[in-house]
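Below is work-v8.pdb, which holds PDB, C-alpha atoms.
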ATOM      1  CA  MET A   1      -5.763 -24.889  -7.626
ATOM      2  CA  ASP A   2      -9.367 -23.988  -6.763
ATOM      3  CA  SER A   3      -9.376 -21.074  -4.312
ATOM      4  CA  THR A   4     -13.127 -21.505  -3.741
ATOM      5  CA  ALA A   5     -12.830 -25.015  -2.320
ATOM      6  CA  ASP A   6     -14.777 -26.011   0.806
ATOM      7  CA  ASN A   7     -12.795 -25.006   3.907
ATOM      8  CA  SER A   8     -13.558 -28.390   5.494
ATOM      9  CA  SER A   9     -11.056 -30.020   3.130
ATOM     10  CA  ILE A  10      -8.188 -27.695   4.032
ATOM     11  CA  ASN A  11      -4.938 -29.174   5.237
ATOM     12  CA  PRO A  12      -3.922 -26.887   8.140
ATOM     13  CA  ASN A  13      -0.250 -27.639   7.454
ATOM     14  CA  ASN A  14      -0.356 -25.817   4.097
ATOM     15  CA  ASN A  15       0.767 -22.211   3.742
ATOM     16  CA  ARG A  16      -2.321 -20.242   2.795
ATOM     17  CA  CYS A  17      -2.824 -16.540   2.146
ATOM     18  CA  VAL A  18      -5.501 -14.086   3.198
ATOM     19  CA  ILE A  19      -6.251 -10.803   1.420
ATOM     20  CA  LEU A  20      -7.070  -7.973   3.810
ATOM     21  CA  GLY A  21      -9.588  -5.714   2.067
ATOM     22  CA  CYS A  22     -12.290  -6.806  -0.370
ATOM     23  CA  GLY A  23     -12.994  -3.525  -2.164
ATOM     24  CA  GLY A  24     -11.905  -2.551  -5.662
ATOM     25  CA  HIS A  25      -8.211  -2.820  -4.906
ATOM     26  CA  GLY A  26      -8.813  -6.178  -3.243
ATOM     27  CA  ARG A  27     -10.345  -7.464  -6.464
ATOM     28  CA  VAL A  28      -7.268  -6.302  -8.375
ATOM     29  CA  VAL A  29      -4.973  -8.088  -5.928
ATOM     30  CA  LEU A  30      -7.077 -11.244  -6.142
ATOM     31  CA  ASP A  31      -6.844 -11.197  -9.937
ATOM     32  CA  ILE A  32      -3.058 -10.741  -9.830
ATOM     33  CA  LEU A  33      -2.550 -13.587  -7.361
ATOM     34  CA  ARG A  34      -4.750 -15.889  -9.402
ATOM     35  CA  GLN A  35      -2.783 -15.083 -12.534
ATOM     36  CA  THR A  36       0.531 -15.823 -10.848
ATOM     37  CA  GLY A  37      -0.904 -19.174  -9.815
ATOM     38  CA  ASP A  38       1.587 -19.915  -7.032
ATOM     39  CA  ILE A  39      -0.367 -18.700  -3.989
ATOM     40  CA  GLU A  40      -3.025 -20.756  -2.202
ATOM     41  CA  LEU A  41      -5.793 -18.340  -1.252
ATOM     42  CA  ALA A  42      -7.849 -18.858   1.893
ATOM     43  CA  GLY A  43     -10.170 -15.856   1.483
ATOM     44  CA  PHE A  44     -10.638 -12.198   2.275
ATOM     45  CA  VAL A  45     -10.951 -10.413   5.573
ATOM     46  CA  ASP A  46     -12.481  -6.952   5.743
ATOM     47  CA  SER A  47     -13.148  -4.382   8.459
ATOM     48  CA  ASN A  48     -16.819  -4.296   7.482
ATOM     49  CA  ARG A  49     -18.372  -7.143   9.474
ATOM     50  CA  GLU A  50     -21.410  -7.108   7.157
ATOM     51  CA  MET A  51     -19.231  -8.476   4.346
ATOM     52  CA  THR A  52     -18.523 -11.710   6.245
ATOM     53  CA  GLY A  53     -19.860 -14.738   4.410
ATOM     54  CA  ARG A  54     -20.154 -12.998   1.061
ATOM     55  CA  HIS A  55     -18.147 -14.055  -1.981
ATOM     56  CA  ILE A  56     -16.085 -11.558  -3.984
ATOM     57  CA  ASP A  57     -15.227 -12.922  -7.426
ATOM     58  CA  GLY A  58     -15.714 -16.399  -6.004
ATOM     59  CA  LEU A  59     -13.551 -15.937  -2.893
ATOM     60  CA  GLU A  60     -15.229 -15.894   0.529
ATOM     61  CA  VAL A  61     -14.956 -13.070   3.045
ATOM     62  CA  LEU A  62     -13.987 -15.024   6.162
ATOM     63  CA  GLY A  63     -14.338 -12.310   8.781
ATOM     64  CA  THR A  64     -12.644  -9.149  10.025
ATOM     65  CA  PRO A  65      -8.999  -8.513  10.925
ATOM     66  CA  ASP A  66      -9.918  -9.282  14.549
ATOM     67  CA  ASP A  67     -10.723 -12.841  13.460
ATOM     68  CA  LEU A  68      -7.271 -13.489  12.031
ATOM     69  CA  PRO A  69      -5.802 -15.306  15.062
ATOM     70  CA  ARG A  70      -8.709 -17.763  14.966
ATOM     71  CA  LEU A  71      -8.621 -18.113  11.190
ATOM     72  CA  ARG A  72      -4.892 -18.706  11.288
ATOM     73  CA  ASN A  73      -5.326 -21.667  13.610
ATOM     74  CA  GLU A  74      -8.388 -23.111  11.888
ATOM     75  CA  LEU A  75      -7.352 -22.672   8.252
ATOM     76  CA  GLY A  76      -3.566 -22.791   8.322
ATOM     77  CA  ILE A  77      -3.210 -19.176   7.172
ATOM     78  CA  THR A  78       0.416 -18.038   7.427
ATOM     79  CA  GLN A  79       0.605 -15.408   4.678
ATOM     80  CA  ALA A  80      -1.202 -12.125   4.096
ATOM     81  CA  ILE A  81      -1.351  -9.125   1.796
ATOM     82  CA  VAL A  82      -3.064  -5.806   2.506
ATOM     83  CA  ALA A  83      -5.276  -4.660  -0.370
ATOM     84  CA  VAL A  84      -6.289  -1.217   0.873
ATOM     85  CA  GLY A  85      -5.849   1.888  -1.260
ATOM     86  CA  TYR A  86      -5.342   4.391   1.565
ATOM     87  CA  ASN A  87      -1.610   4.645   2.242
ATOM     88  CA  GLY A  88      -1.648   5.112   6.009
ATOM     89  CA  VAL A  89      -4.271   2.430   6.584
ATOM     90  CA  ARG A  90      -2.361  -0.026   4.401
ATOM     91  CA  ARG A  91       0.867   0.638   6.278
ATOM     92  CA  ASN A  92      -0.788   0.260   9.703
ATOM     93  CA  PHE A  93      -2.467  -3.035   8.820
ATOM     94  CA  ALA A  94       0.812  -4.354   7.429
ATOM     95  CA  GLU A  95       2.582  -3.508  10.673
ATOM     96  CA  GLN A  96      -0.112  -5.275  12.695
ATOM     97  CA  LEU A  97       0.050  -8.399  10.544
ATOM     98  CA  SER A  98       3.824  -8.501  10.781
ATOM     99  CA  VAL A  99       3.687  -8.265  14.580
ATOM    100  CA  GLN A 100       1.189 -11.145  14.601
ATOM    101  CA  GLY A 101       3.683 -13.276  12.705
ATOM    102  CA  PHE A 102       2.108 -13.368   9.254
ATOM    103  CA  GLU A 103       4.423 -13.504   6.256
ATOM    104  CA  LEU A 104       3.637 -10.449   4.130
ATOM    105  CA  ILE A 105       3.703 -11.311   0.433
ATOM    106  CA  SER A 106       3.681  -9.126  -2.688
ATOM    107  CA  ALA A 107       1.424  -9.396  -5.734
ATOM    108  CA  ILE A 108       3.210  -8.815  -9.050
ATOM    109  CA  HIS A 109       1.232  -9.117 -12.270
ATOM    110  CA  PRO A 110       2.823 -11.409 -14.884
ATOM    111  CA  SER A 111       2.769  -8.565 -17.430
ATOM    112  CA  ALA A 112       4.747  -6.207 -15.195
ATOM    113  CA  ASN A 113       8.334  -5.637 -16.363
ATOM    114  CA  ILE A 114      10.791  -5.490 -13.474
ATOM    115  CA  ALA A 115      14.537  -5.092 -13.962
ATOM    116  CA  SER A 116      16.738  -7.775 -12.487
ATOM    117  CA  THR A 117      18.600  -5.120 -10.465
ATOM    118  CA  ALA A 118      15.443  -3.621  -8.918
ATOM    119  CA  THR A 119      14.490  -4.439  -5.325
ATOM    120  CA  ILE A 120      10.876  -4.910  -4.256
ATOM    121  CA  GLY A 121       9.642  -4.744  -0.668
ATOM    122  CA  ARG A 122       7.025  -6.800   1.151
ATOM    123  CA  ASN A 123       3.278  -6.304   0.826
ATOM    124  CA  THR A 124       3.765  -4.478  -2.468
ATOM    125  CA  VAL A 125       1.346  -4.600  -5.402
ATOM    126  CA  ILE A 126       2.662  -4.152  -8.940
ATOM    127  CA  ALA A 127      -0.246  -4.129 -11.378
ATOM    128  CA  ALA A 128      -0.597  -5.034 -15.043
ATOM    129  CA  GLY A 129       1.815  -3.340 -17.435
ATOM    130  CA  ALA A 130       3.852  -1.545 -14.772
ATOM    131  CA  LEU A 131       7.537  -0.940 -15.556
ATOM    132  CA  VAL A 132      10.290  -0.836 -12.931
ATOM    133  CA  CYS A 133      13.694  -0.041 -14.416
ATOM    134  CA  ALA A 134      17.278  -0.748 -13.420
ATOM    135  CA  HIS A 135      18.418  -0.253  -9.820
ATOM    136  CA  CYS A 136      15.087   1.051  -8.549
ATOM    137  CA  GLN A 137      14.191   0.504  -4.901
ATOM    138  CA  ILE A 138      10.508  -0.101  -4.173
ATOM    139  CA  GLY A 139       9.633  -0.092  -0.472
ATOM    140  CA  ASP A 140       7.183  -2.090   1.612
ATOM    141  CA  SER A 141       3.415  -1.662   1.133
ATOM    142  CA  VAL A 142       3.800   0.258  -2.136
ATOM    143  CA  ILE A 143       1.245   0.222  -4.968
ATOM    144  CA  LEU A 144       2.587   0.604  -8.505
ATOM    145  CA  ASN A 145      -0.671   0.710 -10.373
ATOM    146  CA  THR A 146      -1.642  -0.231 -13.923
ATOM    147  CA  GLY A 147       0.788   0.970 -16.582
ATOM    148  CA  SER A 148       2.896   3.110 -14.245
ATOM    149  CA  ILE A 149       6.593   3.706 -14.968
ATOM    150  CA  VAL A 150       9.395   4.023 -12.430
ATOM    151  CA  ASP A 151      12.628   4.729 -14.271
ATOM    152  CA  HIS A 152      16.225   3.939 -13.381
ATOM    153  CA  GLU A 153      17.679   4.446  -9.882
ATOM    154  CA  SER A 154      14.461   5.839  -8.448
ATOM    155  CA  VAL A 155      13.241   5.161  -4.914
ATOM    156  CA  VAL A 156       9.585   4.746  -3.973
ATOM    157  CA  GLY A 157       9.187   4.887  -0.203
ATOM    158  CA  THR A 158       7.080   2.808   2.152
ATOM    159  CA  ALA A 159       3.303   2.899   1.655
ATOM    160  CA  SER A 160       3.394   5.145  -1.408
ATOM    161  CA  HIS A 161       0.954   4.855  -4.314
ATOM    162  CA  VAL A 162       1.932   5.468  -7.936
ATOM    163  CA  CYS A 163      -1.390   5.616  -9.788
ATOM    164  CA  PRO A 164      -2.266   4.231 -13.241
ATOM    165  CA  GLY A 165      -0.275   5.743 -16.086
ATOM    166  CA  ALA A 166       1.943   7.879 -13.837
ATOM    167  CA  ARG A 167       5.529   8.329 -15.022
ATOM    168  CA  ILE A 168       8.476   8.782 -12.680
ATOM    169  CA  ALA A 169      11.753   9.609 -14.423
ATOM    170  CA  GLY A 170      15.234   8.488 -13.353
ATOM    171  CA  ARG A 171      16.781   9.187  -9.950
ATOM    172  CA  VAL A 172      13.560  10.431  -8.362
ATOM    173  CA  VAL A 173      12.852   9.878  -4.672
ATOM    174  CA  ILE A 174       9.249   9.465  -3.535
ATOM    175  CA  GLU A 175       9.306   9.606   0.243
ATOM    176  CA  SER A 176       7.096   7.531   2.531
ATOM    177  CA  GLY A 177       3.363   7.870   1.971
ATOM    178  CA  GLY A 178       3.621   9.769  -1.310
ATOM    179  CA  PHE A 179       0.691   9.769  -3.727
ATOM    180  CA  VAL A 180       1.457  10.198  -7.437
ATOM    181  CA  GLY A 181      -1.825  10.818  -9.229
ATOM    182  CA  ILE A 182      -3.123   9.159 -12.372
ATOM    183  CA  GLY A 183      -1.335  10.220 -15.546
ATOM    184  CA  SER A 184       1.082  12.561 -13.764
ATOM    185  CA  THR A 185       4.767  13.022 -14.612
ATOM    186  CA  VAL A 186       7.763  13.641 -12.345
ATOM    187  CA  ILE A 187      10.915  14.698 -14.194
ATOM    188  CA  GLN A 188      14.355  13.361 -13.312
ATOM    189  CA  CYS A 189      16.339  13.853 -10.104
ATOM    190  CA  LEU A 190      13.531  15.331  -7.983
ATOM    191  CA  ARG A 191      12.341  14.565  -4.450
ATOM    192  CA  VAL A 192       8.686  14.239  -3.522
ATOM    193  CA  GLY A 193       8.357  14.707   0.225
ATOM    194  CA  CYS A 194       6.708  12.564   2.884
ATOM    195  CA  GLU A 195       2.906  12.276   2.479
ATOM    196  CA  ALA A 196       2.914  14.670  -0.509
ATOM    197  CA  VAL A 197       0.143  14.433  -3.110
ATOM    198  CA  ILE A 198       0.625  14.954  -6.848
ATOM    199  CA  GLY A 199      -2.662  15.618  -8.607
ATOM    200  CA  ALA A 200      -3.895  13.786 -11.682
ATOM    201  CA  GLY A 201      -2.119  14.857 -14.872
ATOM    202  CA  ALA A 202       0.319  17.174 -13.089
ATOM    203  CA  VAL A 203       3.832  17.707 -14.477
ATOM    204  CA  VAL A 204       6.304  18.066 -11.619
ATOM    205  CA  ILE A 205       9.460  20.020 -12.510
ATOM    206  CA  SER A 206      10.703  20.900  -9.009
ATOM    207  CA  ASP A 207      10.883  19.232  -5.601
ATOM    208  CA  VAL A 208       7.584  18.796  -3.760
ATOM    209  CA  PRO A 209       7.603  19.667  -0.035
ATOM    210  CA  SER A 210       6.437  17.160   2.554
ATOM    211  CA  MET A 211       2.669  17.191   3.138
ATOM    212  CA  ALA A 212       2.073  19.447   0.126
ATOM    213  CA  THR A 213      -0.468  18.942  -2.654
ATOM    214  CA  VAL A 214       0.580  20.013  -6.149
ATOM    215  CA  VAL A 215      -1.516  20.234  -9.317
ATOM    216  CA  GLY A 216      -1.256  21.578 -12.856
ATOM    217  CA  VAL A 217       1.249  21.927 -15.692
ATOM    218  CA  PRO A 218       3.758  22.805 -14.434
ATOM    219  CA  ALA A 219       2.744  21.621 -10.979
ATOM    220  CA  ARG A 220       2.208  24.248  -8.286
ATOM    221  CA  VAL A 221       1.522  23.914  -4.573
ATOM    222  CA  VAL A 222      -2.151  24.407  -3.692
ATOM    223  CA  LYS A 223      -2.038  23.049  -0.170
ATOM    224  CA  GLY A 224       0.744  22.497   2.324
ATOM    225  CA  ILE A 225       2.163  23.120   5.767
ATOM    226  CA  GLU A 226       3.899  26.474   5.527
ATOM    227  CA  LYS A 227       5.950  26.369   8.705
ATOM    228  CA  GLN A 228       8.575  23.655   8.908
ATOM    229  CA  ALA A 229       8.275  23.526  12.710
ATOM    230  CA  VAL A 230       4.573  22.739  12.395
ATOM    231  CA  MET A 231       5.327  19.869  10.009
ATOM    232  CA  GLN A 232       7.959  18.438  12.368
ATOM    233  CA  ALA A 233       5.577  18.635  15.323
ATOM    234  CA  TRP A 234       2.855  16.894  13.326
ATOM    235  CA  MET A 235       5.187  13.961  12.631
ATOM    236  CA  LEU A 236       5.976  13.349  16.324
ATOM    237  CA  PRO A 237       3.948  10.735  18.231
ATOM    238  CA  GLU A 238       1.015  11.918  20.271
ATOM    239  CA  PHE A 239       0.416  11.141  23.920
ATOM    240  CA  THR A 240      -2.644  11.761  26.076
ATOM    241  CA  ARG A 241      -3.258  13.488  29.378
ATOM    242  CA  VAL A 242      -6.377  13.655  31.517
ATOM    243  CA  ALA A 243      -8.062  17.090  31.477
ATOM    244  CA  PRO A 244      -9.717  18.526  34.617
ATOM    245  CA  ASP A 245     -13.122  17.410  33.333
ATOM    246  CA  GLY A 246     -11.889  13.819  32.984
ATOM    247  CA  ARG A 247     -11.496  13.796  29.194
ATOM    248  CA  GLU A 248      -8.367  12.389  27.524
ATOM    249  CA  VAL A 249      -6.608  15.121  25.539
ATOM    250  CA  ALA A 250      -3.902  14.528  22.904
ATOM    251  CA  VAL A 251      -0.563  16.091  23.801
ATOM    252  CA  ASN A 252       2.276  16.320  21.275
ATOM    253  CA  GLN A 253       5.842  15.951  22.551
ATOM    254  CA  ALA A 254       6.822  19.197  20.862
ATOM    255  CA  ARG A 255       4.480  21.270  23.016
TER     256      ARG A 255
END
Using the file provided, produce a representation of the structure as structure tokens.
Amino acid sequence: MDSTADNSSINPNNNRCVILGCGGHGRVVLDILRQTGDIELAGFVDSNREMTGRHIDGLEVLGTPDDLPRLRNELGITQAIVAVGYNGVRRNFAEQLSVQGFELISAIHPSANIASTATIGRNTVIAAGALVCAHCQIGDSVILNTGSIVDHESVVGTASHVCPGARIAGRVVIESGGFVGIGSTVIQCLRVGCEAVIGAGAVVISDVPSMATVVGVPARVVKGIEKQAVMQAWMLPEFTRVAPDGREVAVNQAR
């Protein structure tokens, strides 16, 4: 299959895939999908309008995410994958695509080793040499980067990123939005809280609180939300009210 073929020859009845994001991670996803060989690629879309019309590794940038309804009709695009490194942005785009009716696919490198009892979510990228062991649960919109290890019965929550060479031991839980830095280690049976960040090369030997950043050997907290009530309020949805001067002001439900 030639993914760089002229769009005028496209059969709109075919299932075709778009990659959202044409940066470095987008190039990795493109390479993985080409190596699997079973996905027909339509092109990239990217939030930067100036990228439209350019070719990234031979694949055209077709437009921005706002153009997807048009591109879907014109090019027969029914599938999508979000290739954005930032966890929250990746999760939000995935939600938008799902609402629009796109089938979210995953990109799994042929050299990745995934146990038959592991479960893999949608819109997940598993890069070259990654290892996912028995009875692991990998959520939607997760990145398991090059050479990372997720050992038995571990859970990696939605929109988390396990960086290259990171090692997660057995029965670890990485909650939603977690970031496990390059070359870091998490020992067995620990919990890494929602949106927590583990620095590069850190060795985690105790639970990591939600929203905390830990670094070092052994890992220690260098940044976090000290008051639990503050963390809970931060996680609630925000609403707006109109101030006396006419400005819209964010109002949290907890206040």
Leu190 of chain A environment, 7 Å, all atoms listed in the file, sequence neighbours closer than 6 positions dropped, as a ChimeraX atom specification: /A:172-173,206-207
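Here the question is which of A:Ala166, A:Ala83, A:Ala94, A:Ile149 gets nearest to Ile198 of chain A using only C-alpha atoms, and that residue is A:Ala166.
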9 Å contact set for Leu30 of chain A, only C-alpha atoms, chain neighbours under 4 positions out, as number ranges by chain: A: 19, 22, 25-26, 34-35, 41, 57, 59, 83, 107
Write a file of the selected residues as an mmCIF file, in the frame of the given file, keeping C-alpha atoms.
data_model
loop_
_atom_site.group_PDB
_atom_site.id
_atom_site.type_symbol
_atom_site.label_atom_id
_atom_site.label_comp_id
_atom_site.auth_asym_id
_atom_site.auth_seq_id
_atom_site.Cartn_x
_atom_site.Cartn_y
_atom_site.Cartn_z
ATOM 1 C CA ILE A 19 -6.251 -10.803 1.420
ATOM 2 C CA CYS A 22 -12.290 -6.806 -0.370
ATOM 3 C CA HIS A 25 -8.211 -2.820 -4.906
ATOM 4 C CA GLY A 26 -8.813 -6.178 -3.243
ATOM 5 C CA ARG A 34 -4.750 -15.889 -9.402
ATOM 6 C CA GLN A 35 -2.783 -15.083 -12.534
ATOM 7 C CA LEU A 41 -5.793 -18.340 -1.252
ATOM 8 C CA ASP A 57 -15.227 -12.922 -7.426
ATOM 9 C CA LEU A 59 -13.551 -15.937 -2.893
ATOM 10 C CA ALA A 83 -5.276 -4.660 -0.370
ATOM 11 C CA ALA A 107 1.424 -9.396 -5.734
#
Residue contacts of Ser210 of chain A (6 Å, only C-alpha atoms) excluding same-chain residues fewer than 3 positions away, as a ChimeraX atom specification: /A:193-194,196
Among the residues A:Gly85, A:Gly199, A:Pro218, A:Gly58, the one that comes closest to Val125 of chain A [using all atoms listed in the file]: A:Gly85
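Among the candidate residues A:Thr78, A:Gln188, A:Ser176, A:Ser141, the one lying nearest to Ser154 of chain A is A:Gln188, with distances computed using only C-alpha atoms.
Among A:Ile187, A:Val162, A:Ile205, A:Ile182, the residue with the shortest atom-to-atom distance to Ala219 of chain A, counting only C-alpha atoms, is A:Ile205.
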Proximity to Asn87 of chain A - best of A:Ile143, A:Ala115, A:Ile108, A:Met211, all atoms listed in the file: A:Ile143
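For the atom pair formed by atom CA of Lys223 of chain A and atom CA of Pro209 of chain A, the distance is 10.2 Å, given to one decimal.
For the point (-22.3, -12.3, 4.4) in file coordinates, the residues within 12 Å, using only C-alpha atoms, are A:Phe44, A:Val45, A:Asp46, A:Asn48, A:Arg49, A:Glu50, A:Met51, A:Thr52, A:Gly53, A:Arg54, A:His55, A:Ile56, A:Leu59, A:Glu60, A:Val61, A:Leu62, A:Gly63, A:Thr64.
Between Thr36 of chain A and the candidates A:Ile114, A:Val208, A:Val150, A:Ala127, the tightest atom-to-atom separation, counting all atoms listed in the file, involves A:Ala127.
Note that atom CA of Ile138 of chain A and atom CA of Ala118 of chain A are 7.7 Å apart.
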Spatial neighbours of His161 of chain A, 9 Å, only C-alpha atoms, chain gap at least 2 places, as a VMD selection string: chain A and resid 85 to 87 141 to 145 156 159 163 177 to 181
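Note that the spacing between atom CA of Ile126 of chain A and atom CA of Thr146 of chain A amounts to 7.7 Å.
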Surrounding residues of Asp140 of chain A excluding itself and chain neighbours under 6 positions, 10 Å, all atoms listed in the file, as a ChimeraX atom specification: /A:91,94,104-106,120-125,156-160,176
Given the PyMOL selection byres ((chain A and resi 113) around 9), the residues it picks as a list in words: His109, Pro110, Ser111, Ala112, Ile114, Ala115, Gly129, Ala130, Leu131, Val132 and Cys133 of chain A
Polymer residues at most 10 Å from (-10.4, -19.9, 9.6) by all atoms listed in the file, as a ChimeraX atom specification: /A:7-8,10,12,18,42-43,62-63,67-77
Please save C-alpha atoms of the selected residues as a PDB file, in the coordinates of the input.
ATOM      1  CA  ASN A   7     -12.795 -25.006   3.907  1.00  0.00           C
ATOM      2  CA  SER A   8     -13.558 -28.390   5.494  1.00  0.00           C
ATOM      3  CA  ILE A  10      -8.188 -27.695   4.032  1.00  0.00           C
ATOM      4  CA  PRO A  12      -3.922 -26.887   8.140  1.00  0.00           C
ATOM      5  CA  VAL A  18      -5.501 -14.086   3.198  1.00  0.00           C
ATOM      6  CA  ALA A  42      -7.849 -18.858   1.893  1.00  0.00           C
ATOM      7  CA  GLY A  43     -10.170 -15.856   1.483  1.00  0.00           C
ATOM      8  CA  LEU A  62     -13.987 -15.024   6.162  1.00  0.00           C
ATOM      9  CA  GLY A  63     -14.338 -12.310   8.781  1.00  0.00           C
ATOM     10  CA  ASP A  67     -10.723 -12.841  13.460  1.00  0.00           C
ATOM     11  CA  LEU A  68      -7.271 -13.489  12.031  1.00  0.00           C
ATOM     12  CA  PRO A  69      -5.802 -15.306  15.062  1.00  0.00           C
ATOM     13  CA  ARG A  70      -8.709 -17.763  14.966  1.00  0.00           C
ATOM     14  CA  LEU A  71      -8.621 -18.113  11.190  1.00  0.00           C
ATOM     15  CA  ARG A  72      -4.892 -18.706  11.288  1.00  0.00           C
ATOM     16  CA  ASN A  73      -5.326 -21.667  13.610  1.00  0.00           C
ATOM     17  CA  GLU A  74      -8.388 -23.111  11.888  1.00  0.00           C
ATOM     18  CA  LEU A  75      -7.352 -22.672   8.252  1.00  0.00           C
ATOM     19  CA  GLY A  76      -3.566 -22.791   8.322  1.00  0.00           C
ATOM     20  CA  ILE A  77      -3.210 -19.176   7.172  1.00  0.00           C
TER      21      ILE A  77
END
To test the calculation: enclose all listed atoms of segment 35-50 of chain A in a box whose edges run along x, y and z, add 5 Å on each side, then state centre and edge lengths in Å to one decimal, as JSON.
{"center_x": -9.9, "center_y": -12.5, "center_z": -1.5, "size_x": 33.0, "size_y": 26.5, "size_z": 32.0}
